[in-house]
>>> print(open('run-v3.cif').read())   # mmCIF, C-alpha atoms
data_work
loop_
_atom_site.label_atom_id
_atom_site.label_comp_id
_atom_site.auth_asym_id
_atom_site.auth_seq_id
_atom_site.Cartn_x
_atom_site.Cartn_y
_atom_site.Cartn_z
CA MET R 126 -32.35 -55.42 -28.35
CA HIS R 127 -29.64 -55.77 -25.75
CA LEU R 128 -29.86 -53.46 -22.75
CA ALA R 129 -26.83 -53.13 -20.53
CA ASP R 130 -27.33 -54.21 -16.89
CA ILE R 131 -24.83 -51.99 -15.06
CA GLN R 132 -25.82 -53.18 -11.60
CA ASP R 133 -24.70 -56.71 -12.52
CA GLU R 134 -21.19 -55.53 -13.23
CA PRO R 135 -18.41 -56.53 -10.79
CA ASP R 136 -17.06 -54.00 -8.31
CA GLY R 137 -13.37 -53.80 -7.49
CA ARG R 138 -13.38 -51.65 -4.37
CA GLY R 139 -13.68 -54.63 -2.03
CA ILE R 140 -16.33 -53.07 0.24
CA GLU R 141 -19.30 -55.13 1.37
CA LEU R 142 -22.47 -53.10 2.03
CA ASP R 143 -24.57 -53.85 5.10
CA GLU R 144 -27.87 -52.82 3.53
CA VAL R 145 -28.99 -52.09 0.00
CA GLY R 146 -32.60 -52.02 -1.14
CA VAL R 147 -35.92 -50.22 -1.13
CA ALA R 148 -37.59 -48.44 1.80
CA GLY R 149 -40.98 -46.92 2.39
CA VAL R 150 -42.80 -48.95 -0.27
CA ARG R 151 -46.50 -48.30 0.37
CA TYR R 152 -48.48 -51.34 -0.68
CA PRO R 153 -51.96 -52.72 0.05
CA ILE R 154 -51.86 -55.93 2.06
CA GLN R 155 -54.23 -58.34 3.74
CA PHE R 156 -52.84 -59.17 7.18
CA SER R 157 -53.87 -62.55 8.59
CA ASP R 158 -52.28 -64.35 11.54
CA GLY R 159 -55.04 -66.74 12.56
CA SER R 160 -56.62 -64.38 15.11
CA THR R 161 -56.66 -61.08 13.23
CA VAL R 162 -57.66 -60.57 9.60
CA GLN R 163 -57.49 -57.03 8.33
CA GLY R 164 -56.60 -55.11 5.19
CA GLY R 165 -54.61 -51.91 4.96
CA VAL R 166 -51.78 -50.07 3.28
CA ALA R 167 -48.43 -51.07 4.74
CA SER R 168 -45.00 -49.50 4.54
CA VAL R 169 -42.48 -52.12 3.42
CA ASP R 170 -38.67 -52.17 3.39
CA VAL R 171 -36.65 -54.86 1.62
CA THR R 172 -32.86 -54.84 1.92
CA VAL R 173 -29.98 -57.23 1.29
CA GLN R 174 -26.38 -57.45 2.37
CA LEU R 175 -24.46 -56.76 -0.85
CA PRO R 176 -21.25 -58.74 -1.39
CA ALA R 177 -18.08 -56.76 -2.01
CA ASP R 178 -17.71 -57.95 -5.62
CA ARG R 179 -21.19 -56.90 -6.76
CA ARG R 180 -21.90 -53.35 -7.87
CA GLY R 181 -25.65 -53.37 -7.23
CA THR R 182 -28.75 -55.37 -6.46
CA HIS R 183 -31.99 -55.94 -8.36
CA MET R 184 -34.38 -53.48 -6.71
CA SER R 185 -37.20 -54.09 -9.17
CA ARG R 186 -37.21 -57.72 -8.07
CA MET R 187 -37.79 -56.52 -4.50
CA ILE R 188 -41.01 -54.80 -5.53
CA GLU R 189 -42.01 -57.97 -7.38
CA LEU R 190 -41.40 -59.92 -4.17
CA VAL R 191 -43.64 -57.55 -2.24
CA HIS R 192 -46.36 -57.98 -4.85
CA GLU R 193 -46.06 -61.76 -4.92
CA HIS R 194 -45.49 -62.59 -1.25
CA VAL R 195 -46.65 -59.70 0.93
CA ARG R 196 -50.05 -58.72 -0.53
CA GLU R 197 -51.57 -61.58 1.48
CA PHE R 198 -49.34 -61.55 4.51
CA ASP R 199 -49.24 -64.15 7.26
CA PRO R 200 -46.24 -63.58 9.57
CA ARG R 201 -46.12 -67.30 10.27
CA GLU R 202 -45.05 -67.75 6.64
CA LEU R 203 -42.00 -65.49 6.95
CA PRO R 204 -39.41 -68.31 6.71
CA THR R 205 -40.86 -69.29 3.33
CA ILE R 206 -41.07 -65.66 2.18
CA LEU R 207 -37.49 -64.87 3.19
CA LYS R 208 -36.06 -68.02 1.60
CA ALA R 209 -37.84 -67.14 -1.65
CA ALA R 210 -36.43 -63.61 -1.44
CA ALA R 211 -32.87 -64.83 -0.86
CA ALA R 212 -33.12 -67.16 -3.86
CA ARG R 213 -34.69 -64.51 -6.10
CA LEU R 214 -32.08 -61.89 -5.21
CA ASP R 215 -29.17 -64.37 -5.17
CA VAL R 216 -27.93 -63.38 -1.70
CA GLU R 217 -27.59 -65.02 1.71
CA THR R 218 -28.86 -62.13 3.85
CA VAL R 219 -32.25 -60.45 3.37
CA ALA R 220 -34.19 -58.16 5.73
CA LEU R 221 -37.91 -57.42 5.47
CA ALA R 222 -39.74 -54.78 7.53
CA ILE R 223 -43.51 -54.28 7.41
CA SER R 224 -45.42 -51.65 9.39
CA LEU R 225 -49.10 -50.74 9.34
CA PRO R 226 -51.88 -49.69 11.70
CA ILE R 227 -54.15 -52.50 12.83
CA ALA R 228 -57.42 -51.83 14.65
CA PHE R 229 -58.72 -54.07 17.43
CA GLU R 230 -62.29 -54.08 18.69
CA VAL R 231 -62.70 -53.02 22.33
CA VAL R 232 -65.73 -52.80 24.60
CA ALA R 233 -66.49 -49.87 26.93
CA PRO R 234 -66.45 -51.14 30.53
CA GLU R 235 -69.97 -50.17 31.63
CA SER R 236 -72.09 -49.27 28.60
CA GLY R 237 -70.75 -52.16 26.53
CA ILE R 238 -70.39 -49.96 23.45
CA ARG R 239 -68.05 -51.49 20.88
CA ALA R 240 -65.49 -49.51 18.91
CA TRP R 241 -62.18 -49.97 17.12
CA GLN R 242 -58.86 -49.00 18.70
CA ALA R 243 -56.05 -48.52 16.17
CA SER R 244 -52.51 -49.54 17.09
CA ASP R 245 -49.19 -49.41 15.28
CA VAL R 246 -47.77 -52.80 14.33
CA ALA R 247 -44.28 -53.45 12.96
CA ILE R 248 -42.73 -56.75 11.94
CA VAL R 249 -39.00 -56.96 11.23
CA ALA R 250 -37.64 -60.21 9.85
CA GLY R 251 -34.36 -61.38 8.44
CA ILE R 252 -32.62 -64.42 7.00
CA SER R 253 -28.87 -64.97 7.09
CA THR R 254 -27.29 -68.17 5.77
CA GLY R 255 -30.61 -69.95 6.26
CA ASP R 256 -31.37 -68.76 9.80
CA VAL R 257 -34.59 -66.73 10.20
CA GLU R 258 -35.27 -64.16 12.93
CA VAL R 259 -38.56 -62.31 13.45
CA GLU R 260 -39.52 -59.51 15.86
CA THR R 261 -43.11 -58.32 16.14
CA THR R 262 -43.89 -54.99 17.85
CA VAL R 263 -47.22 -53.52 18.89
CA TYR R 264 -47.59 -49.95 20.18
CA THR R 265 -50.79 -48.85 21.90
CA ASP R 266 -51.93 -46.42 24.60
CA VAL R 267 -53.08 -46.79 28.19
CA THR R 268 -53.77 -44.34 31.00
CA SER R 269 -51.39 -44.07 33.95
CA LEU R 270 -52.09 -42.35 37.26
CA CYS R 271 -49.12 -41.23 39.36
CA PRO R 272 -48.75 -43.16 42.66
CA CYS R 273 -46.75 -40.32 44.22
CA SER R 274 -49.34 -37.70 43.24
CA LYS R 275 -52.09 -39.83 44.77
CA ALA R 276 -50.13 -40.40 48.00
CA ILE R 277 -49.32 -36.73 48.68
CA SER R 278 -52.60 -35.14 47.59
CA ASP R 279 -55.68 -34.56 49.73
CA TYR R 280 -57.78 -35.57 46.71
CA GLY R 281 -57.20 -36.51 43.10
CA ALA R 282 -53.94 -37.32 41.31
CA HIS R 283 -52.45 -36.37 37.98
CA ASN R 284 -52.78 -38.85 35.16
CA GLN R 285 -51.79 -39.00 31.51
CA ARG R 286 -51.82 -41.10 28.40
CA SER R 287 -48.93 -43.54 28.13
CA ARG R 288 -47.64 -45.18 24.97
CA VAL R 289 -46.49 -48.75 25.55
CA GLY R 290 -44.54 -50.84 23.06
CA LEU R 291 -44.13 -54.60 23.26
CA SER R 292 -41.69 -56.40 20.96
CA VAL R 293 -41.69 -60.20 20.91
CA ARG R 294 -38.85 -62.14 19.33
CA GLY R 295 -39.52 -65.51 17.76
CA SER R 296 -37.33 -68.58 17.87
CA ALA R 297 -36.19 -71.00 15.19
CA ASP R 298 -39.03 -73.33 16.19
CA ASP R 299 -41.70 -70.62 16.34
CA VAL R 300 -40.96 -67.36 14.55
CA TYR R 301 -44.33 -65.85 15.55
CA PRO R 302 -45.07 -67.02 19.11
CA LEU R 303 -47.61 -64.35 20.07
CA ALA R 304 -50.40 -62.95 17.89
CA VAL R 305 -50.67 -59.18 17.60
CA ARG R 306 -54.12 -59.25 19.26
CA ARG R 307 -52.63 -60.94 22.34
CA GLN R 308 -49.82 -58.37 22.47
CA PHE R 309 -52.44 -55.61 22.30
CA ASP R 310 -54.42 -57.20 25.15
CA MET R 311 -51.33 -57.66 27.32
CA ILE R 312 -50.40 -54.00 26.96
CA ARG R 313 -53.92 -52.95 27.96
CA GLU R 314 -53.61 -55.00 31.13
CA VAL R 315 -50.78 -52.83 32.46
CA GLY R 316 -51.07 -49.20 33.46
CA SER R 317 -53.93 -47.80 35.49
CA THR R 318 -56.70 -48.33 32.93
CA PRO R 319 -57.02 -48.97 29.20
CA VAL R 320 -58.13 -46.17 26.89
CA PHE R 321 -61.31 -46.41 24.81
CA PRO R 322 -62.39 -44.72 21.56
CA ILE R 323 -65.97 -44.26 22.81
CA ILE R 324 -67.03 -43.83 26.42
CA LYS R 325 -70.28 -42.57 27.89
CA ARG R 326 -70.58 -40.93 31.30
CA VAL R 327 -71.10 -44.29 33.00
CA ASP R 328 -67.86 -45.52 31.40
CA GLU R 329 -65.97 -42.35 32.29
CA ARG R 330 -66.90 -42.86 35.93
CA VAL R 331 -65.61 -46.44 35.84
CA VAL R 332 -62.29 -45.70 34.13
CA THR R 333 -61.64 -42.69 36.37
CA MET R 334 -62.09 -44.79 39.50
CA ARG R 335 -60.16 -47.72 38.06
CA ALA R 336 -57.20 -45.46 37.38
CA HIS R 337 -57.35 -44.04 40.90
CA ASP R 338 -57.42 -47.56 42.37
CA LYS R 339 -54.44 -48.74 40.29
CA PRO R 340 -51.73 -46.06 40.21
CA ALA R 341 -48.64 -46.96 38.16
CA PHE R 342 -45.25 -45.44 37.38
CA VAL R 343 -43.55 -46.06 34.03
CA GLU R 344 -41.30 -48.43 35.99
CA ASP R 345 -44.33 -50.42 37.19
CA MET R 346 -45.77 -50.79 33.70
CA ALA R 347 -42.46 -51.89 32.18
CA ARG R 348 -41.87 -54.46 34.92
CA ASP R 349 -45.43 -55.81 34.90
CA LEU R 350 -45.44 -56.35 31.15
CA SER R 351 -41.97 -57.90 31.19
CA GLU R 352 -43.01 -60.21 34.01
CA ALA R 353 -46.03 -61.38 32.00
CA CYS R 354 -43.80 -62.14 29.01
CA ARG R 355 -41.23 -63.96 31.14
CA THR R 356 -44.01 -66.15 32.55
CA LEU R 357 -44.77 -67.18 28.96
CA GLY R 358 -41.08 -67.73 28.21
CA LEU R 359 -41.02 -65.02 25.53
CA ALA R 360 -37.89 -63.14 24.50
CA HIS R 361 -39.08 -59.54 24.44
CA SER R 362 -38.52 -55.81 24.79
CA VAL R 363 -40.83 -53.32 26.51
CA SER R 364 -40.85 -49.54 26.18
CA VAL R 365 -43.09 -47.09 28.04
CA ARG R 366 -43.43 -43.35 27.53
CA ASN R 367 -45.65 -41.16 29.70
CA PHE R 368 -46.77 -37.94 28.04
CA GLU R 369 -46.64 -36.18 31.38
CA SER R 370 -49.53 -33.88 32.24
CA ILE R 371 -47.77 -31.73 34.89
CA HIS R 372 -44.20 -31.75 33.54
CA SER R 373 -42.62 -30.24 30.45
CA HIS R 374 -40.86 -33.54 29.74
CA ASP R 375 -41.84 -37.18 29.24
CA ALA R 376 -41.06 -40.09 31.55
CA VAL R 377 -39.69 -43.28 30.00
CA ALA R 378 -38.73 -46.82 30.97
CA SER R 379 -37.61 -49.86 29.00
CA VAL R 380 -36.44 -53.42 29.53
CA SER R 381 -35.31 -56.34 27.36
CA TRP R 382 -35.18 -60.03 28.23
CA PRO R 383 -32.89 -61.78 27.72
CA LEU R 384 -30.68 -58.70 28.00
CA ARG R 385 -29.63 -57.39 24.58
CA LYS R 386 -26.12 -55.93 24.57
CA LEU R 387 -25.31 -52.90 22.41
#
>>> encode(input="run-v3.cif", output="structure tokens")
Amino acid sequence: MHLADIQDEPDGRGIELDEVGVAGVRYPIQFSDGSTVQGGVASVDVTVQLPADRRGTHMSRMIELVHEHVREFDPRELPTILKAAAARLDVETVALAISLPIAFEVVAPESGIRAWQASDVAIVAGISTGDVEVETTVYTDVTSLCPCSKAISDYGAHNQRSRVGLSVRGSADDVYPLAVRRQFDMIREVGSTPVFPIIKRVDERVVTMRAHDKPAFVEDMARDLSEACRTLGLAHSVSVRNFESIHSHDAVASVSWPLRKL
């Protein structure tokens, strides 16, 4: 029985489409990058650049690609995955985006209690005429204590939770230069103190005093993290958002290196 394949028909309007595909595909994966091995349900996007003479793309093949190549996902294998996708979909440009929470074990500073701190991880990769680009982003929280508040107050200072994002861009030689665990650790090194899922009173005392001894603006956190990445020679972007405790607005700062033009 012959079934018509309308999407394979030619299109005469002469308009190339930047992105066509599937978005928000929720699929179980096993993430493994050599330092972190963890399972979870990821959200996956697969898109292609559709040539002007083609009416549609094969979206069912995209789900097949997710099933075949993403269920056991190692970001270091992205060049192979993307080349297979381009061949399967018969295009030159493919984009793949994968996001999922990944938990990292942390240790309370005084009691030594271990617990898991969940962070949001997103990996965006693309291939265009054989060239592969990958950007890996980790978002996690720290505590920041206001330097100005500390300086002008007789005692105490306002502090808040801050969400810090670090995006690292790979190169042709190394598409995944920094493991997500290392990105997580680098973020926790900026700010006034890391946050912890479980703390006892002895830990609360330590983190309170640590924060007071290391006040930091959003500007300080963005610069410190960028400086650490520059020392490693990493192309990167940093974003910081303070969920301000004494203002009705947030404070933000961001930086990219090398500078990315709009």
>>> closest_residue(input="run-v3.cif", among="R:Ala282, R:Val289, R:Leu203, R:Val327", to="Tyr301 in chain R", atoms="all atoms listed in the file")
R:Leu203
>>> residues_around(input="run-v3.cif", residues="Gly164 in chain R", least_positions_apart="3", cutoff="8 Å", atoms="all atoms listed in the file", output="list in words")
Pro153, Ile154, Gln155 and Phe156 of chain R
>>> resolve_selection(input="run-v3.cif", expression="the PyMOL selection byres ((chain R and resi 273) around 12)", output="PyMOL selection string")
chain R and resi 269-272+274-279+281-284+337+340-342
>>> resolve_selection(input="run-v3.cif", expression="the PyMOL selection byres ((chain R and resi 305) around 9)", output="CSV table (one decimal) with C-alpha atoms, keeping the file's coordinate frame")
chain,number,residue,atom,x,y,z
R,158,ASP,CA,-52.3,-64.4,11.5
R,160,SER,CA,-56.6,-64.4,15.1
R,161,THR,CA,-56.7,-61.1,13.2
R,227,ILE,CA,-54.2,-52.5,12.8
R,246,VAL,CA,-47.8,-52.8,14.3
R,261,THR,CA,-43.1,-58.3,16.1
R,262,THR,CA,-43.9,-55.0,17.8
R,263,VAL,CA,-47.2,-53.5,18.9
R,303,LEU,CA,-47.6,-64.4,20.1
R,304,ALA,CA,-50.4,-63.0,17.9
R,306,ARG,CA,-54.1,-59.2,19.3
R,307,ARG,CA,-52.6,-60.9,22.3
R,308,GLN,CA,-49.8,-58.4,22.5
R,309,PHE,CA,-52.4,-55.6,22.3
R,310,ASP,CA,-54.4,-57.2,25.2
>>> residues_around(input="run-v3.cif", residues="Ser296 in chain R", least_positions_apart="4", cutoff="12 Å", atoms="only C-alpha atoms", output="list of chain:residue names")
R:Arg201, R:Pro204, R:Ala250, R:Asp256, R:Val257, R:Glu258, R:Val259, R:Glu260, R:Thr261, R:Val300, R:Tyr301, R:Pro302, R:Leu303, R:Gly358, R:Leu359, R:Ala360, R:His361
>>> write_last_selection(input="run-v3.cif", atoms="C-alpha atoms", output="tab-separated table (two decimals), in the coordinates of the input")
chain	number	residue	atom	x	y	z
R	201	ARG	CA	-46.12	-67.30	10.27
R	204	PRO	CA	-39.41	-68.31	6.71
R	250	ALA	CA	-37.64	-60.21	9.85
R	256	ASP	CA	-31.37	-68.76	9.80
R	257	VAL	CA	-34.59	-66.73	10.20
R	258	GLU	CA	-35.27	-64.16	12.93
R	259	VAL	CA	-38.56	-62.31	13.45
R	260	GLU	CA	-39.52	-59.51	15.86
R	261	THR	CA	-43.11	-58.32	16.14
R	300	VAL	CA	-40.96	-67.36	14.55
R	301	TYR	CA	-44.33	-65.85	15.55
R	302	PRO	CA	-45.07	-67.02	19.11
R	303	LEU	CA	-47.61	-64.35	20.07
R	358	GLY	CA	-41.08	-67.73	28.21
R	359	LEU	CA	-41.02	-65.02	25.53
R	360	ALA	CA	-37.89	-63.14	24.50
R	361	HIS	CA	-39.08	-59.54	24.44
>>> resolve_selection(input="run-v3.cif", expression="the PyMOL selection byres ((chain R and resi 238) around 12)", output="MDAnalysis selection string")
chainID R and resid 230:237 239:241 321:328
>>> residues_near_point(input="run-v3.cif", point="(-37.1, -52.4, -1.2)", cutoff="7 Å", atoms="only C-alpha atoms", output="ChimeraX atom specification")
/R:146-148,150,170-172,184,187-188
>>> atom_distance(input="run-v3.cif", atom1="CA of His183 in chain R", atom2="CA of Asp133 in chain R")
8.4 Å
>>> atom_distance(input="run-v3.cif", atom1="CA of Pro383 in chain R", atom2="CA of Gly255 in chain R")
23.1 Å
>>> atom_distance(input="run-v3.cif", atom1="CA of Gly290 in chain R", atom2="CA of Asp199 in chain R")
21.2 Å
>>> residues_near_point(input="run-v3.cif", point="(-24.8, -62.9, 2.0)", cutoff="9 Å", atoms="all atoms listed in the file", output="list in words")
Val173, Gln174, Leu175, Pro176, Ala211, Asp215, Val216, Glu217, Thr218, Val219, Ser253 and Thr254 of chain R
